[in-house]
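Chemist: My structure is in target-v6.pdb, and what it holds is PDB, C-alpha atoms:
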```
MODEL        1
ATOM      1  CA  MET Q  58     -57.793 -71.542 -24.518
ATOM      2  CA  SER Q  59     -61.206 -71.733 -22.940
ATOM      3  CA  VAL Q  60     -62.179 -74.293 -20.307
ATOM      4  CA  GLN Q  61     -64.493 -75.947 -22.839
ATOM      5  CA  GLU Q  62     -61.694 -76.240 -25.421
ATOM      6  CA  ARG Q  63     -59.331 -77.699 -22.812
ATOM      7  CA  LYS Q  64     -61.954 -80.273 -21.766
ATOM      8  CA  GLN Q  65     -62.561 -81.240 -25.392
ATOM      9  CA  ARG Q  66     -58.816 -81.624 -25.974
ATOM     10  CA  GLU Q  67     -58.442 -83.755 -22.823
ATOM     11  CA  ARG Q  68     -61.399 -85.894 -23.872
ATOM     12  CA  ALA Q  69     -59.898 -86.449 -27.327
ATOM     13  CA  GLU Q  70     -56.546 -87.363 -25.746
ATOM     14  CA  ARG Q  71     -58.237 -89.894 -23.439
ATOM     15  CA  GLU Q  72     -60.059 -91.391 -26.403
ATOM     16  CA  ARG Q  73     -56.791 -91.717 -28.358
ATOM     17  CA  LEU Q  74     -55.201 -93.361 -25.322
ATOM     18  CA  ILE Q  75     -58.043 -95.875 -25.022
ATOM     19  CA  VAL Q  76     -57.826 -96.772 -28.718
ATOM     20  CA  ALA Q  77     -54.019 -97.000 -28.698
ATOM     21  CA  THR Q  78     -54.044 -99.158 -25.573
ATOM     22  CA  ALA Q  79     -56.735-101.467 -26.965
ATOM     23  CA  ARG Q  80     -54.789-101.811 -30.185
ATOM     24  CA  GLU Q  81     -51.545-102.533 -28.369
ATOM     25  CA  LEU Q  82     -53.174-105.119 -26.114
ATOM     26  CA  ALA Q  83     -54.911-106.780 -29.069
ATOM     27  CA  GLU Q  84     -51.671-106.934 -31.073
ATOM     28  CA  GLN Q  85     -49.834-108.456 -28.101
ATOM     29  CA  GLN Q  86     -52.444-110.876 -26.742
ATOM     30  CA  GLY Q  87     -55.376-110.956 -29.162
ATOM     31  CA  TRP Q  88     -58.791-109.325 -29.027
ATOM     32  CA  ASP Q  89     -60.041-111.697 -26.329
ATOM     33  CA  ALA Q  90     -57.606-109.998 -23.939
ATOM     34  CA  VAL Q  91     -59.173-106.592 -24.588
ATOM     35  CA  THR Q  92     -61.735-105.951 -21.871
ATOM     36  CA  THR Q  93     -62.908-102.701 -20.358
ATOM     37  CA  ARG Q  94     -61.473-103.798 -17.013
ATOM     38  CA  ARG Q  95     -58.010-104.433 -18.472
ATOM     39  CA  LEU Q  96     -58.126-101.214 -20.476
ATOM     40  CA  ALA Q  97     -59.144 -99.233 -17.400
ATOM     41  CA  GLU Q  98     -56.247-100.747 -15.441
ATOM     42  CA  ARG Q  99     -53.719-100.044 -18.201
ATOM     43  CA  ILE Q 100     -54.716 -96.439 -18.793
ATOM     44  CA  GLU Q 101     -55.378 -95.788 -15.107
ATOM     45  CA  TYR Q 102     -58.913 -94.531 -15.522
ATOM     46  CA  SER Q 103     -62.081 -96.052 -14.136
ATOM     47  CA  GLN Q 104     -64.376 -98.205 -16.261
ATOM     48  CA  PRO Q 105     -67.071 -95.482 -16.179
ATOM     49  CA  VAL Q 106     -64.570 -93.132 -17.859
ATOM     50  CA  LEU Q 107     -64.114 -95.681 -20.649
ATOM     51  CA  TYR Q 108     -67.874 -96.018 -20.997
ATOM     52  CA  SER Q 109     -68.163 -92.241 -21.293
ATOM     53  CA  HIS Q 110     -66.140 -92.569 -24.521
ATOM     54  CA  PHE Q 111     -67.252 -95.954 -25.843
ATOM     55  CA  ARG Q 112     -70.354 -97.999 -25.060
ATOM     56  CA  GLY Q 113     -68.289-101.160 -25.032
ATOM     57  CA  LYS Q 114     -65.700-103.304 -26.754
ATOM     58  CA  ARG Q 115     -67.585-103.277 -30.056
ATOM     59  CA  GLU Q 116     -67.184 -99.501 -30.392
ATOM     60  CA  ILE Q 117     -63.524 -99.739 -29.402
ATOM     61  CA  ILE Q 118     -62.997-102.323 -32.143
ATOM     62  CA  GLY Q 119     -64.738 -99.938 -34.551
ATOM     63  CA  ALA Q 120     -62.447 -97.072 -33.530
ATOM     64  CA  VAL Q 121     -59.369 -99.264 -34.068
ATOM     65  CA  ALA Q 122     -60.772-100.312 -37.454
ATOM     66  CA  LEU Q 123     -61.255 -96.702 -38.562
ATOM     67  CA  GLU Q 124     -57.725 -95.821 -37.504
ATOM     68  CA  GLY Q 125     -56.439 -98.880 -39.331
ATOM     69  CA  ALA Q 126     -58.385 -98.044 -42.489
ATOM     70  CA  THR Q 127     -56.685 -94.650 -42.590
ATOM     71  CA  GLU Q 128     -53.268 -96.256 -42.168
ATOM     72  CA  MET Q 129     -53.958 -98.940 -44.763
ATOM     73  CA  ALA Q 130     -55.135 -96.351 -47.301
ATOM     74  CA  ALA Q 131     -51.953 -94.345 -46.756
ATOM     75  CA  ALA Q 132     -49.749 -97.439 -47.132
ATOM     76  CA  VAL Q 133     -51.490 -98.556 -50.329
ATOM     77  CA  ARG Q 134     -51.357 -95.070 -51.840
ATOM     78  CA  ALA Q 135     -47.696 -94.609 -50.952
ATOM     79  CA  ALA Q 136     -46.758 -97.916 -52.543
ATOM     80  CA  ALA Q 137     -48.806 -97.294 -55.676
ATOM     81  CA  THR Q 138     -47.536 -93.743 -56.065
ATOM     82  CA  ALA Q 139     -43.925 -94.900 -55.893
ATOM     83  CA  ALA Q 140     -44.424 -97.395 -58.731
ATOM     84  CA  ASP Q 141     -44.174 -96.642 -62.443
ATOM     85  CA  GLY Q 142     -46.845 -98.015 -64.748
ATOM     86  CA  PRO Q 143     -50.184 -99.715 -64.113
ATOM     87  CA  ARG Q 144     -48.822-103.233 -63.598
ATOM     88  CA  GLU Q 145     -46.194-102.054 -61.160
ATOM     89  CA  ARG Q 146     -48.784 -99.970 -59.277
ATOM     90  CA  VAL Q 147     -51.113-102.937 -58.892
ATOM     91  CA  THR Q 148     -48.261-105.190 -57.778
ATOM     92  CA  ALA Q 149     -47.051-102.597 -55.270
ATOM     93  CA  LEU Q 150     -50.601-102.094 -54.013
ATOM     94  CA  ALA Q 151     -51.042-105.843 -53.484
ATOM     95  CA  HIS Q 152     -47.766-106.159 -51.587
ATOM     96  CA  ALA Q 153     -48.573-103.109 -49.439
ATOM     97  CA  TYR Q 154     -51.999-104.526 -48.583
ATOM     98  CA  LEU Q 155     -50.619-107.940 -47.647
ATOM     99  CA  ASP Q 156     -47.749-106.369 -45.687
ATOM    100  CA  PHE Q 157     -50.238-104.248 -43.750
ATOM    101  CA  ALA Q 158     -52.288-107.347 -42.884
ATOM    102  CA  THR Q 159     -49.147-109.179 -41.743
ATOM    103  CA  ARG Q 160     -47.716-106.322 -39.662
ATOM    104  CA  ASN Q 161     -51.043-105.372 -38.044
ATOM    105  CA  PRO Q 162     -53.022-108.582 -37.467
ATOM    106  CA  ALA Q 163     -55.263-107.210 -34.698
ATOM    107  CA  VAL Q 164     -56.043-104.081 -36.695
ATOM    108  CA  TYR Q 165     -56.728-106.179 -39.774
ATOM    109  CA  ASP Q 166     -59.101-108.322 -37.711
ATOM    110  CA  ALA Q 167     -60.828-105.199 -36.406
ATOM    111  CA  LEU Q 168     -61.293-104.028 -39.976
ATOM    112  CA  PHE Q 169     -62.460-107.221 -41.614
ATOM    113  CA  GLN Q 170     -63.129-110.040 -39.163
ATOM    114  CA  LEU Q 171     -64.696-108.582 -36.013
ATOM    115  CA  ASP Q 172     -67.926-106.709 -35.427
ATOM    116  CA  GLY Q 173     -66.993-103.099 -34.831
ATOM    117  CA  GLY Q 174     -70.480-101.859 -35.580
ATOM    118  CA  LEU Q 175     -69.375-100.251 -38.836
ATOM    119  CA  ALA Q 176     -71.363-100.212 -42.059
ATOM    120  CA  PHE Q 177     -69.525-101.272 -45.202
ATOM    121  CA  ALA Q 178     -70.638-100.452 -48.757
ATOM    122  CA  GLN Q 179     -73.601 -98.371 -47.627
ATOM    123  CA  GLU Q 180     -74.617 -94.730 -47.514
ATOM    124  CA  ASP Q 181     -73.545 -94.384 -43.889
ATOM    125  CA  THR Q 182     -70.166 -96.072 -44.304
ATOM    126  CA  PRO Q 183     -67.630 -94.006 -42.345
ATOM    127  CA  GLU Q 184     -65.249 -91.935 -44.462
ATOM    128  CA  PRO Q 185     -62.058 -93.821 -43.476
ATOM    129  CA  LEU Q 186     -63.572 -97.044 -44.829
ATOM    130  CA  LYS Q 187     -64.695 -95.337 -48.023
ATOM    131  CA  ASP Q 188     -61.233 -93.840 -48.404
ATOM    132  CA  ALA Q 189     -59.519 -97.208 -47.923
ATOM    133  CA  PHE Q 190     -61.646 -98.631 -50.746
ATOM    134  CA  ALA Q 191     -60.918 -95.527 -52.851
ATOM    135  CA  ALA Q 192     -57.192 -96.101 -52.328
ATOM    136  CA  LEU Q 193     -57.579 -99.523 -53.922
ATOM    137  CA  LEU Q 194     -59.878 -98.265 -56.677
ATOM    138  CA  GLU Q 195     -57.427 -95.529 -57.714
ATOM    139  CA  SER Q 196     -54.936 -98.074 -59.023
ATOM    140  CA  LEU Q 197     -57.183-101.018 -59.750
ATOM    141  CA  GLY Q 198     -59.760 -99.071 -61.740
ATOM    142  CA  GLU Q 199     -57.263 -98.463 -64.515
ATOM    143  CA  VAL Q 200     -56.635-102.198 -65.014
ATOM    144  CA  ALA Q 201     -60.210-103.482 -64.806
ATOM    145  CA  GLY Q 202     -60.501-104.034 -68.537
ATOM    146  CA  ASP Q 203     -63.033-102.956 -71.134
ATOM    147  CA  GLY Q 204     -66.633-103.363 -70.106
ATOM    148  CA  VAL Q 205     -65.739-104.223 -66.494
ATOM    149  CA  HIS Q 206     -67.050-101.898 -63.799
ATOM    150  CA  PRO Q 207     -63.964-100.568 -61.937
ATOM    151  CA  GLY Q 208     -65.682-100.801 -58.546
ATOM    152  CA  LEU Q 209     -66.706-104.405 -59.134
ATOM    153  CA  PHE Q 210     -63.207-105.306 -60.301
ATOM    154  CA  THR Q 211     -61.764-103.644 -57.197
ATOM    155  CA  GLU Q 212     -64.084-105.701 -54.994
ATOM    156  CA  VAL Q 213     -62.967-108.952 -56.635
ATOM    157  CA  PHE Q 214     -59.279-108.050 -56.439
ATOM    158  CA  TRP Q 215     -59.681-106.923 -52.819
ATOM    159  CA  ALA Q 216     -61.486-110.171 -51.970
ATOM    160  CA  SER Q 217     -58.579-112.086 -53.490
ATOM    161  CA  LEU Q 218     -56.075-110.116 -51.413
ATOM    162  CA  HIS Q 219     -58.170-110.645 -48.306
ATOM    163  CA  GLY Q 220     -58.277-114.370 -48.973
ATOM    164  CA  LEU Q 221     -54.513-114.492 -49.409
ATOM    165  CA  ALA Q 222     -53.959-112.504 -46.217
ATOM    166  CA  THR Q 223     -56.382-114.601 -44.189
ATOM    167  CA  LEU Q 224     -55.215-117.984 -45.463
ATOM    168  CA  THR Q 225     -51.553-117.083 -45.016
ATOM    169  CA  ARG Q 226     -52.120-115.897 -41.440
ATOM    170  CA  ALA Q 227     -54.000-119.105 -40.675
ATOM    171  CA  GLY Q 228     -51.038-121.156 -41.879
ATOM    172  CA  ARG Q 229     -52.978-122.534 -44.846
ATOM    173  CA  LEU Q 230     -50.591-121.066 -47.428
ATOM    174  CA  LEU Q 231     -46.815-121.125 -47.403
ATOM    175  CA  PRO Q 232     -45.487-117.619 -46.741
ATOM    176  CA  GLU Q 233     -42.478-118.123 -49.021
ATOM    177  CA  ASP Q 234     -44.830-118.299 -52.035
ATOM    178  CA  ALA Q 235     -46.453-114.917 -51.314
ATOM    179  CA  ALA Q 236     -44.664-113.027 -54.095
ATOM    180  CA  GLN Q 237     -45.584-115.673 -56.668
ATOM    181  CA  ARG Q 238     -49.236-115.481 -55.605
ATOM    182  CA  VAL Q 239     -49.249-111.715 -56.102
ATOM    183  CA  GLU Q 240     -47.692-112.084 -59.560
ATOM    184  CA  LEU Q 241     -50.271-114.708 -60.499
ATOM    185  CA  LEU Q 242     -53.111-112.526 -59.221
ATOM    186  CA  VAL Q 243     -51.889-109.503 -61.168
ATOM    187  CA  ASP Q 244     -51.240-111.589 -64.314
ATOM    188  CA  ARG Q 245     -54.667-113.239 -64.288
ATOM    189  CA  LEU Q 246     -56.937-110.448 -63.118
ATOM    190  CA  ALA Q 247     -55.433-107.146 -64.161
ATOM    191  CA  VAL Q 248     -55.510-105.979 -67.763
ATOM    192  CA  VAL Q 249     -52.089-104.365 -68.105
TER
ENDMDL
END
```
Using structure tokens, write down the structure that the file contains.
Modeler:
Amino acid sequence: MSVQERKQRERAERERLIVATARELAEQQGWDAVTTRRLAERIEYSQPVLYSHFRGKREIIGAVALEGATEMAAAVRAAATAADGPRERVTALAHAYLDFATRNPAVYDALFQLDGGLAFAQEDTPEPLKDAFAALLESLGEVAGDGVHPGLFTEVFWASLHGLATLTRAGRLLPEDAAQRVELLVDRLAVV
């Protein structure tokens, strides 16, 4: 291994450590607790080292969001793949999405609530975000209905899931009714 390759590997490892530490701190104490000073203390590097990887908290949030998008896409695909039939796939997808939001609140916020400097629904949207949407579209496109654009249907269904996740986390919806909400959403929106 060349010196250059070793330095690149070490840099990538430091970057992963910064992102993992930010994510852990955000999950434990919220995003307000994530500062470059606290991150530098936790990972035992100086603040200038952090700034050599990320220009600030916004980029760190973006890196956590991209990591989370990859994980969410995998969770949604795994759930949908394990289900038989379109209705079951959509139901499994909805539960996997909502479970991801519940288990990873700081990551979910990084993805959809906070400014991570990422472009959504544009030419320069990062691949992990495009792939997360594609993971939803793969199952939802088949239940959009005649004459309904699959991408548009996916956006509406996704917005509904996001609303359920956000309102439940905020204590505005009773968590014990979550399964009934998913059934109602699938019954009313999906053509199965």
Chemist: Starting from 5 Å padding per side, set up an axis-aligned box that covers all listed atoms of range 70-76 of chain Q and hand over centre and edge lengths in Å, one decimal, as AutoDock Vina command-line options.
Modeler:
```
--center_x -57.6 --center_y -92.1 --center_z -26.1 --size_x 14.9 --size_y 19.4 --size_z 15.3
```
Chemist: Can you find the residues with an atom no farther than 6 Å from (-62.2, -103.5, -59.8), counting only C-alpha atoms, and report them as a JSON list (two decimals) with C-alpha atoms, keeping the file's coordinate frame?
Modeler:
```
[["chain", "number", "residue", "atom", "x", "y", "z"],
["Q", 197, "LEU", "CA", -57.18, -101.02, -59.75],
["Q", 198, "GLY", "CA", -59.76, -99.07, -61.74],
["Q", 201, "ALA", "CA", -60.21, -103.48, -64.81],
["Q", 207, "PRO", "CA", -63.96, -100.57, -61.94],
["Q", 208, "GLY", "CA", -65.68, -100.80, -58.55],
["Q", 209, "LEU", "CA", -66.71, -104.40, -59.13],
["Q", 210, "PHE", "CA", -63.21, -105.31, -60.30],
["Q", 211, "THR", "CA", -61.76, -103.64, -57.20],
["Q", 212, "GLU", "CA", -64.08, -105.70, -54.99]]
```
Chemist: Would you work out the distance separating CA of Val106 in chain Q from CA of Glu70 in chain Q, expressed in Å to one decimal?
Modeler: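 Distance between the two atoms: 12.6 Å.
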Chemist: Fewer than 5 positions away in the same chain doesn't count, so skip those; otherwise give me all residues within 10 Å of range 220-235 of chain Q, counting all atoms listed in the file, as a list in words.
Modeler: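 Here the qualifying residues turn out to be His152, Tyr154, Leu155, Asp156, Phe157, Ala158, Thr159, Pro162, Tyr165, Asp166, Phe169, Gln170, Phe214, Trp215, Glu240 and Leu241 of chain Q.
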Chemist: Taking the file above as input, evaluate the PyMOL selection byres ((chain Q and resi 134-147) around 8) and report the hits as a VMD selection string.
Modeler: chain Q and resid 130 to 133 148 to 151 153 192 to 193 196 to 197 199 to 200 243 247 249
Chemist: Please enumerate the residues selected by the PyMOL selection byres ((chain Q and resi 77) around 12) when evaluated against the supplied file, formatted as a short mmCIF file (atom, residue, chain, number, x, y, z; two decimals) with C-alpha atoms, in the coordinates of the input.
Modeler:
```cif
data_model
loop_
_atom_site.label_atom_id
_atom_site.label_comp_id
_atom_site.auth_asym_id
_atom_site.auth_seq_id
_atom_site.Cartn_x
_atom_site.Cartn_y
_atom_site.Cartn_z
CA GLU Q 70 -56.55 -87.36 -25.75
CA ARG Q 71 -58.24 -89.89 -23.44
CA GLU Q 72 -60.06 -91.39 -26.40
CA ARG Q 73 -56.79 -91.72 -28.36
CA LEU Q 74 -55.20 -93.36 -25.32
CA ILE Q 75 -58.04 -95.88 -25.02
CA VAL Q 76 -57.83 -96.77 -28.72
CA THR Q 78 -54.04 -99.16 -25.57
CA ALA Q 79 -56.74 -101.47 -26.96
CA ARG Q 80 -54.79 -101.81 -30.18
CA GLU Q 81 -51.54 -102.53 -28.37
CA LEU Q 82 -53.17 -105.12 -26.11
CA ALA Q 83 -54.91 -106.78 -29.07
CA GLU Q 84 -51.67 -106.93 -31.07
CA VAL Q 91 -59.17 -106.59 -24.59
CA LEU Q 96 -58.13 -101.21 -20.48
CA ARG Q 99 -53.72 -100.04 -18.20
CA ILE Q 100 -54.72 -96.44 -18.79
CA ILE Q 117 -63.52 -99.74 -29.40
CA ILE Q 118 -63.00 -102.32 -32.14
CA ALA Q 120 -62.45 -97.07 -33.53
CA VAL Q 121 -59.37 -99.26 -34.07
CA ALA Q 122 -60.77 -100.31 -37.45
CA GLU Q 124 -57.72 -95.82 -37.50
CA GLY Q 125 -56.44 -98.88 -39.33
CA ALA Q 163 -55.26 -107.21 -34.70
CA VAL Q 164 -56.04 -104.08 -36.70
#
```
Chemist: Would you compute the distance between CA of Glu67 in chain Q and CA of Gly119 in chain Q? Give it in Å to one decimal.
Modeler: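 Interatomic distance, CA of Glu67 in chain Q to CA of Gly119 in chain Q: 21.0 Å.
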Chemist: Q:Asn161, Q:Ser109, Q:Ala126, Q:Gln104: which is nearest Arg68 in chain Q, counting all atoms listed in the file?
Modeler: Q:Ser109
Chemist: Can you tell me how far CA of Glu128 in chain Q sits from CA of Pro185 in chain Q, in Å to one decimal?
Modeler: 9.2 Å
Chemist: Counting all atoms listed in the file, which residue out of Q:Ala90, Q:Leu246, Q:Ala69, Q:Leu175 sits closest to Lys187 in chain Q?
Modeler: Q:Leu175
